[in-house]
Amino acid sequence: MTYHPDEFQHPLDFITCGQAGPEPLFDRVTADFLLQSHAELKARLAAGSSLLEAVSLGPTVPWLWRLTFSTIGLALSATGEVVRCERHTVALRFQPDCLRSTNRFEMLRHLEPARPYHPNIGASGSHAEGAVCVEIYPGEPLIEIAISLHELLRWRLRNYDHRDALNPAACIYGRNHVHEPIDDRPLFCRRLAIRLEPLEAQP
Amino acid sequence: MLVDREASPSQLQQLLGTFTAEQCRRLRTARIALAGQGNIGTWLAHFIVPHVGFARIIDRDRIERRNALNQCYDLSAVGQPKATALADALRRRCPGVEIMANVADLEDAPLGWFAGVDLVLAGLHSLRGRQRLISEIAWPLGVPVIDGAVGEGWLGAVRVLVPGAHRACLECAWSPSHYRQLAQEFPCFPNTDADAPPTRSPAFLGASVASLMAAQCIRLLVEEGEQQESGTDASNEEERRSDPSRASRLTEFDLSQGRMIVSRLRRAARCRYDHEVIGQQLALQVRFDAATVADVVATVEEHWPHTAVQVETRRLRWAASEPPRRYFDLGELQAQPARRLGDLGLTADDALRLRAAGEAASTLLWLDRKVPSMRAKLRTRRQP
């Protein structure tokens, strides 16, 4: 299975690479798992429209990703109001022991918007800034991680207990104001084979 | 009961029955570590510590009032850390034993705490705690582990895990559902520790598991010591693999039905763990207080000149605000040579795991030259 990293397309790609550190050494089994995950995701993205832009940044193994979602979620505006936000970027890195152990705080980093508003995402300025609390089990494929993140960003997955939330204010806000998922679109859609033809003139 | 080790040297031999005086002497110089001081660990410590020479007791929790129901603590100790309270009680009971208490989570436990111990005894209730202790600490150091567990009803299990490339490890018996459960144990806050709900079980069940563990512990300490002294430990790997007494094994019992099953564990072909026992160990040649990043770089370059080397550690942080990382390359270290290791979150008990590009085996670099490596210890023990 051949692998070619994606080209850097966004300033966040440089930030992601800088924060993630050098590429670790992966054993053959883990490298194959990552290559398989990479191929599955790219095939899925090529098969139809999607709310996801996935950029693989690992030089030799697809271990480091920038995932940009067009999912509608919530964020705080400059004036502190809760507003809808249609662009969320999360950095994801796989560790050499990702088939055995997954620490979500080592793996995920929320990059944009600057002031996310979600119970499971650390608020800017807090000690947990950038942390994303979503369950990732060891050996979970990349597509499933992306779907979990999409479900989280659209408020379908969320913590209801403010004492256990990374952003308690967002948790309380959500209990009072968000009763349905904010975005009802799926992450991956099928490509519609619609052919438009001019109507024939009726005799 | 006060165990007076000096007054009655044959007391242990009489108690243990079948062992010779030489075997009892070997037992008395043994060094063990006990992790988890709950329903199993408290009883186990009282059973085994009087017979050994050194014990390290590790637990992160404090004693709660409800613990008095099924754990061996006084109500007067409520609020104290379990590790220190238990260590104090054991020091009063057996003054000849060297006992160290560490109030810490296993995620933060440096490898140095386990270097030089003959055996690790675990009475933990979370999968992540077991994985950390057995797969990430004891197995790479080559230290056997006896792991006890209580289950629903009156079920108990004791697993003896002897490290080796061809032996069954903890994760050989794990299915994908175990790994899913592992993910659920991680907390929703960064820098907090993985946890699982405590197992509720009566004191007699924990004490039964502890009794089995103590028996296996004494047997393993005596037999391992004999085989090390006779030099068979490293000479014939095939012999070791075929010897049933040295295989990983599992004892399960049901107290309510009075049944017990003993199984020999085999390495699973699809196990996700690499089973590596780290053979090569190095030490910095400077005192830790004065050690800098440049000393680490110099040691690494001396052993692997012009080779890319990956450095793995859980503690190193260039800045407190930096997201957690475990893997570093030599270039990063070379960029900040003057930084003191102590200022980067490392301690004298820590070790860096090094892996050179193209090499399958890892090497441990101890940061304190006083930390004895397992191999040095084995050499010392073989001397007459």
# chains A, B, ... in the order shown; residues from 1 in each chain; ligands from 1
$ interface_residues --of "chain A" --to "chain B" --cutoff "8 Å" --atoms "only C-alpha atoms" --output "PyMOL selection string"
chain A and resi 19-22+24-25+99-103+105-106+120+128+131+133+135-138+164-166
$ write_last_selection --atoms "N, CA and C atoms" --output "compact mmCIF listing (two decimals), in the first residue's frame"
# COMPACT_ATOMS: atom_id res chain seq x y z
N GLN A 19 3.19 21.41 16.77
CA GLN A 19 2.78 20.97 18.11
C GLN A 19 2.86 19.45 18.27
N ALA A 20 2.69 18.73 17.17
CA ALA A 20 2.64 17.27 17.29
C ALA A 20 4.01 16.65 17.52
N GLY A 21 5.07 17.37 17.18
CA GLY A 21 6.40 16.82 17.36
C GLY A 21 6.80 15.95 16.18
N PRO A 22 7.97 15.33 16.29
CA PRO A 22 8.46 14.51 15.19
C PRO A 22 7.64 13.23 15.01
N PRO A 24 6.78 9.61 15.21
CA PRO A 24 7.33 8.48 15.98
C PRO A 24 7.64 7.29 15.07
N LEU A 25 8.33 6.32 15.63
CA LEU A 25 8.60 5.08 14.89
C LEU A 25 7.41 4.14 15.10
N LEU A 99 -3.11 0.95 18.99
CA LEU A 99 -3.92 -0.27 18.94
C LEU A 99 -4.16 -0.85 20.33
N ARG A 100 -3.44 -0.32 21.32
CA ARG A 100 -3.56 -0.86 22.68
C ARG A 100 -4.12 0.15 23.67
N SER A 101 -3.85 1.42 23.44
CA SER A 101 -4.21 2.42 24.42
C SER A 101 -4.46 3.75 23.73
N THR A 102 -5.55 4.41 24.07
CA THR A 102 -5.84 5.70 23.43
C THR A 102 -6.16 6.73 24.49
N ASN A 103 -5.28 7.67 24.64
CA ASN A 103 -5.55 8.79 25.53
C ASN A 103 -6.06 9.93 24.66
N PHE A 105 -6.70 12.89 25.14
CA PHE A 105 -6.07 14.21 25.28
C PHE A 105 -4.70 14.26 24.60
N GLU A 106 -4.10 13.10 24.41
CA GLU A 106 -2.87 13.05 23.62
C GLU A 106 -3.19 13.05 22.13
N ASN A 120 -18.01 19.30 25.82
CA ASN A 120 -16.89 18.36 25.75
C ASN A 120 -15.65 18.95 25.10
N ALA A 128 -8.07 23.44 30.40
CA ALA A 128 -8.27 22.34 29.45
C ALA A 128 -8.43 22.88 28.03
N ALA A 131 -8.66 20.78 24.64
CA ALA A 131 -8.94 19.35 24.88
C ALA A 131 -10.32 19.00 24.31
N CYS A 133 -13.15 15.89 24.56
CA CYS A 133 -13.48 14.65 25.26
C CYS A 133 -14.46 13.84 24.42
N GLU A 135 -15.00 9.64 23.11
CA GLU A 135 -14.46 8.31 23.38
C GLU A 135 -13.82 7.72 22.12
N ILE A 136 -12.57 7.37 22.23
CA ILE A 136 -11.87 6.69 21.12
C ILE A 136 -11.32 5.40 21.69
N TYR A 137 -11.70 4.30 21.12
CA TYR A 137 -11.18 3.04 21.67
C TYR A 137 -9.96 2.59 20.88
N PRO A 138 -9.07 1.83 21.47
CA PRO A 138 -7.87 1.38 20.77
C PRO A 138 -8.22 0.60 19.51
N ASP A 164 -18.96 17.39 35.38
CA ASP A 164 -17.99 16.53 34.73
C ASP A 164 -17.66 17.02 33.32
N ALA A 165 -18.05 18.27 33.01
CA ALA A 165 -17.88 18.78 31.65
C ALA A 165 -16.63 19.64 31.55
N LEU A 166 -16.00 19.61 30.39
CA LEU A 166 -14.83 20.47 30.18
C LEU A 166 -15.26 21.94 30.14
$ select_by_dssp --residues "region 5-187 of chain A" --states "alpha helix (DSSP H)" --output "count of residues only"
56
$ select_by_dssp --residues "region 4-183 of chain A" --states "strand (DSSP E or B)" --output "PyMOL selection string"
chain A and resi 50+52-56+64-69+73-76+82-85+88-93+108-112+116+121+132
$ residues_around --residues "region 57-71 of chain A" --least-positions-apart "3" --cutoff "6 Å" --atoms "only C-alpha atoms" --output "number ranges by chain"
A: 5, 34, 51-54, 86-94
$ closest_residue --among "A:Gly80, A:Pro113, A:Gly48, A:Pro141" --to "Ala193 (chain A)" --atoms "only C-alpha atoms"
A:Gly48
$ closest_residue --among "B:Ala294, B:Arg270, B:Ile58, B:Ala214" --to "Val29 (chain A)" --atoms "only C-alpha atoms"
B:Arg270
$ residues_around --residues "Met213 (chain B)" --least-positions-apart "6" --cutoff "7 Å" --atoms "only C-alpha atoms" --output "count of residues only"
3
$ atom_distance --atom1 "CA of Ser256 (chain B)" --atom2 "CA of Ala173 (chain B)"
25.0 Å
$ residues_around --residues "Tyr160 (chain A)" --least-positions-apart "6" --cutoff "8 Å" --atoms "only C-alpha atoms" --output "list in words"
Pro119, Cys171, Ile172 and Arg175 of chain A
$ atom_distance --atom1 "CA of Trp318 (chain B)" --atom2 "CA of Cys17 (chain A)"
16.2 Å
$ decode --residues "region 254-295 of chain B" --atoms "N, CA and C atoms" --output "mmCIF file, in the first residue's frame"
data_model
loop_
_atom_site.group_PDB
_atom_site.id
_atom_site.type_symbol
_atom_site.label_atom_id
_atom_site.label_comp_id
_atom_site.auth_asym_id
_atom_site.auth_seq_id
_atom_site.Cartn_x
_atom_site.Cartn_y
_atom_site.Cartn_z
ATOM 1 N N ASP B 254 -14.410 -20.188 42.554
ATOM 2 C CA ASP B 254 -15.751 -19.739 42.922
ATOM 3 C C ASP B 254 -15.976 -20.186 44.361
ATOM 4 N N LEU B 255 -15.954 -19.249 45.283
ATOM 5 C CA LEU B 255 -16.045 -19.612 46.703
ATOM 6 C C LEU B 255 -17.426 -20.175 47.038
ATOM 7 N N SER B 256 -18.450 -19.686 46.358
ATOM 8 C CA SER B 256 -19.797 -20.146 46.704
ATOM 9 C C SER B 256 -19.998 -21.614 46.318
ATOM 10 N N GLN B 257 -19.349 -22.049 45.243
ATOM 11 C CA GLN B 257 -19.476 -23.439 44.794
ATOM 12 C C GLN B 257 -18.303 -24.310 45.244
ATOM 13 N N GLY B 258 -17.261 -23.681 45.747
ATOM 14 C CA GLY B 258 -16.083 -24.431 46.174
ATOM 15 C C GLY B 258 -15.311 -25.042 45.022
ATOM 16 N N ARG B 259 -15.251 -24.339 43.894
ATOM 17 C CA ARG B 259 -14.551 -24.861 42.717
ATOM 18 C C ARG B 259 -13.335 -24.014 42.387
ATOM 19 N N MET B 260 -12.340 -24.696 41.818
ATOM 20 C CA MET B 260 -11.129 -23.986 41.414
ATOM 21 C C MET B 260 -10.606 -24.577 40.105
ATOM 22 N N ILE B 261 -10.169 -23.708 39.202
ATOM 23 C CA ILE B 261 -9.609 -24.154 37.922
ATOM 24 C C ILE B 261 -8.258 -23.467 37.747
ATOM 25 N N VAL B 262 -7.257 -24.246 37.349
ATOM 26 C CA VAL B 262 -5.936 -23.678 37.065
ATOM 27 C C VAL B 262 -5.655 -23.890 35.575
ATOM 28 N N SER B 263 -5.295 -22.818 34.876
ATOM 29 C CA SER B 263 -5.015 -22.924 33.436
ATOM 30 C C SER B 263 -3.618 -22.388 33.171
ATOM 31 N N ARG B 264 -2.975 -23.031 32.221
ATOM 32 C CA ARG B 264 -1.699 -22.500 31.752
ATOM 33 C C ARG B 264 -1.996 -21.556 30.599
ATOM 34 N N LEU B 265 -1.423 -20.374 30.629
ATOM 35 C CA LEU B 265 -1.732 -19.371 29.614
ATOM 36 C C LEU B 265 -0.720 -19.452 28.480
ATOM 37 N N ARG B 266 -1.220 -19.312 27.260
ATOM 38 C CA ARG B 266 -0.341 -19.336 26.091
ATOM 39 C C ARG B 266 -0.410 -17.984 25.398
ATOM 40 N N ARG B 267 0.682 -17.663 24.735
ATOM 41 C CA ARG B 267 0.719 -16.398 24.016
ATOM 42 C C ARG B 267 -0.276 -16.437 22.859
ATOM 43 N N ALA B 268 -1.086 -15.391 22.750
ATOM 44 C CA ALA B 268 -2.061 -15.317 21.662
ATOM 45 C C ALA B 268 -1.380 -14.790 20.406
ATOM 46 N N ALA B 269 -1.675 -15.435 19.276
ATOM 47 C CA ALA B 269 -1.026 -15.035 18.024
ATOM 48 C C ALA B 269 -1.417 -13.617 17.627
ATOM 49 N N ARG B 270 -2.635 -13.199 17.997
ATOM 50 C CA ARG B 270 -3.108 -11.885 17.581
ATOM 51 C C ARG B 270 -2.989 -10.844 18.686
ATOM 52 N N CYS B 271 -2.188 -11.123 19.687
ATOM 53 C CA CYS B 271 -2.040 -10.169 20.790
ATOM 54 C C CYS B 271 -1.484 -8.850 20.262
ATOM 55 N N ARG B 272 -2.004 -7.741 20.793
ATOM 56 C CA ARG B 272 -1.585 -6.421 20.313
ATOM 57 C C ARG B 272 -0.317 -5.924 21.002
ATOM 58 N N TYR B 273 0.114 -6.613 22.028
ATOM 59 C CA TYR B 273 1.281 -6.165 22.797
ATOM 60 C C TYR B 273 2.557 -6.760 22.195
ATOM 61 N N ASP B 274 3.647 -5.992 22.221
ATOM 62 C CA ASP B 274 4.865 -6.459 21.548
ATOM 63 C C ASP B 274 5.673 -7.476 22.375
ATOM 64 N N HIS B 275 5.366 -7.650 23.644
ATOM 65 C CA HIS B 275 6.027 -8.628 24.523
ATOM 66 C C HIS B 275 7.517 -8.372 24.688
ATOM 67 N N GLU B 276 7.949 -7.148 24.482
ATOM 68 C CA GLU B 276 9.391 -6.893 24.543
ATOM 69 C C GLU B 276 9.873 -6.746 25.988
ATOM 70 N N VAL B 277 10.870 -7.541 26.330
ATOM 71 C CA VAL B 277 11.582 -7.362 27.601
ATOM 72 C C VAL B 277 12.878 -6.631 27.246
ATOM 73 N N ILE B 278 13.057 -5.468 27.817
ATOM 74 C CA ILE B 278 14.174 -4.629 27.390
ATOM 75 C C ILE B 278 15.479 -5.190 27.934
ATOM 76 N N GLY B 279 16.381 -5.513 27.027
ATOM 77 C CA GLY B 279 17.631 -6.139 27.439
ATOM 78 C C GLY B 279 18.706 -5.135 27.773
ATOM 79 N N GLN B 280 18.906 -4.163 26.894
ATOM 80 C CA GLN B 280 20.021 -3.240 27.098
ATOM 81 C C GLN B 280 19.596 -2.069 27.981
ATOM 82 N N GLN B 281 20.416 -1.776 28.968
ATOM 83 C CA GLN B 281 20.127 -0.662 29.863
ATOM 84 C C GLN B 281 21.380 0.170 30.046
ATOM 85 N N LEU B 282 21.189 1.481 29.991
ATOM 86 C CA LEU B 282 22.295 2.418 30.160
ATOM 87 C C LEU B 282 21.986 3.329 31.330
ATOM 88 N N ALA B 283 23.005 4.043 31.787
ATOM 89 C CA ALA B 283 22.780 5.029 32.847
ATOM 90 C C ALA B 283 23.600 6.274 32.538
ATOM 91 N N LEU B 284 23.041 7.427 32.890
ATOM 92 C CA LEU B 284 23.806 8.668 32.724
ATOM 93 C C LEU B 284 25.015 8.620 33.649
ATOM 94 N N GLN B 285 26.109 9.143 33.189
ATOM 95 C CA GLN B 285 27.323 9.083 33.997
ATOM 96 C C GLN B 285 27.532 10.346 34.827
ATOM 97 N N VAL B 286 26.491 11.116 35.013
ATOM 98 C CA VAL B 286 26.568 12.296 35.881
ATOM 99 C C VAL B 286 25.434 12.227 36.894
ATOM 100 N N ARG B 287 25.611 12.974 37.995
ATOM 101 C CA ARG B 287 24.559 13.007 39.013
ATOM 102 C C ARG B 287 23.305 13.636 38.428
ATOM 103 N N PHE B 288 22.137 13.158 38.842
ATOM 104 C CA PHE B 288 20.899 13.674 38.257
ATOM 105 C C PHE B 288 20.741 15.168 38.526
ATOM 106 N N ASP B 289 21.139 15.612 39.717
ATOM 107 C CA ASP B 289 20.972 17.037 40.049
ATOM 108 C C ASP B 289 21.670 17.932 39.029
ATOM 109 N N ALA B 290 22.785 17.441 38.515
ATOM 110 C CA ALA B 290 23.564 18.265 37.604
ATOM 111 C C ALA B 290 23.331 17.908 36.136
ATOM 112 N N ALA B 291 22.516 16.902 35.906
ATOM 113 C CA ALA B 291 22.369 16.401 34.531
ATOM 114 C C ALA B 291 21.549 17.361 33.671
ATOM 115 N N THR B 292 21.999 17.524 32.456
ATOM 116 C CA THR B 292 21.286 18.373 31.502
ATOM 117 C C THR B 292 20.908 17.530 30.278
ATOM 118 N N VAL B 293 20.170 18.174 29.392
ATOM 119 C CA VAL B 293 19.772 17.496 28.159
ATOM 120 C C VAL B 293 21.012 17.092 27.356
ATOM 121 N N ALA B 294 22.050 17.921 27.428
ATOM 122 C CA ALA B 294 23.277 17.608 26.682
ATOM 123 C C ALA B 294 23.881 16.271 27.124
ATOM 124 N N ASP B 295 23.754 15.923 28.406
ATOM 125 C CA ASP B 295 24.280 14.642 28.881
ATOM 126 C C ASP B 295 23.504 13.477 28.261
#
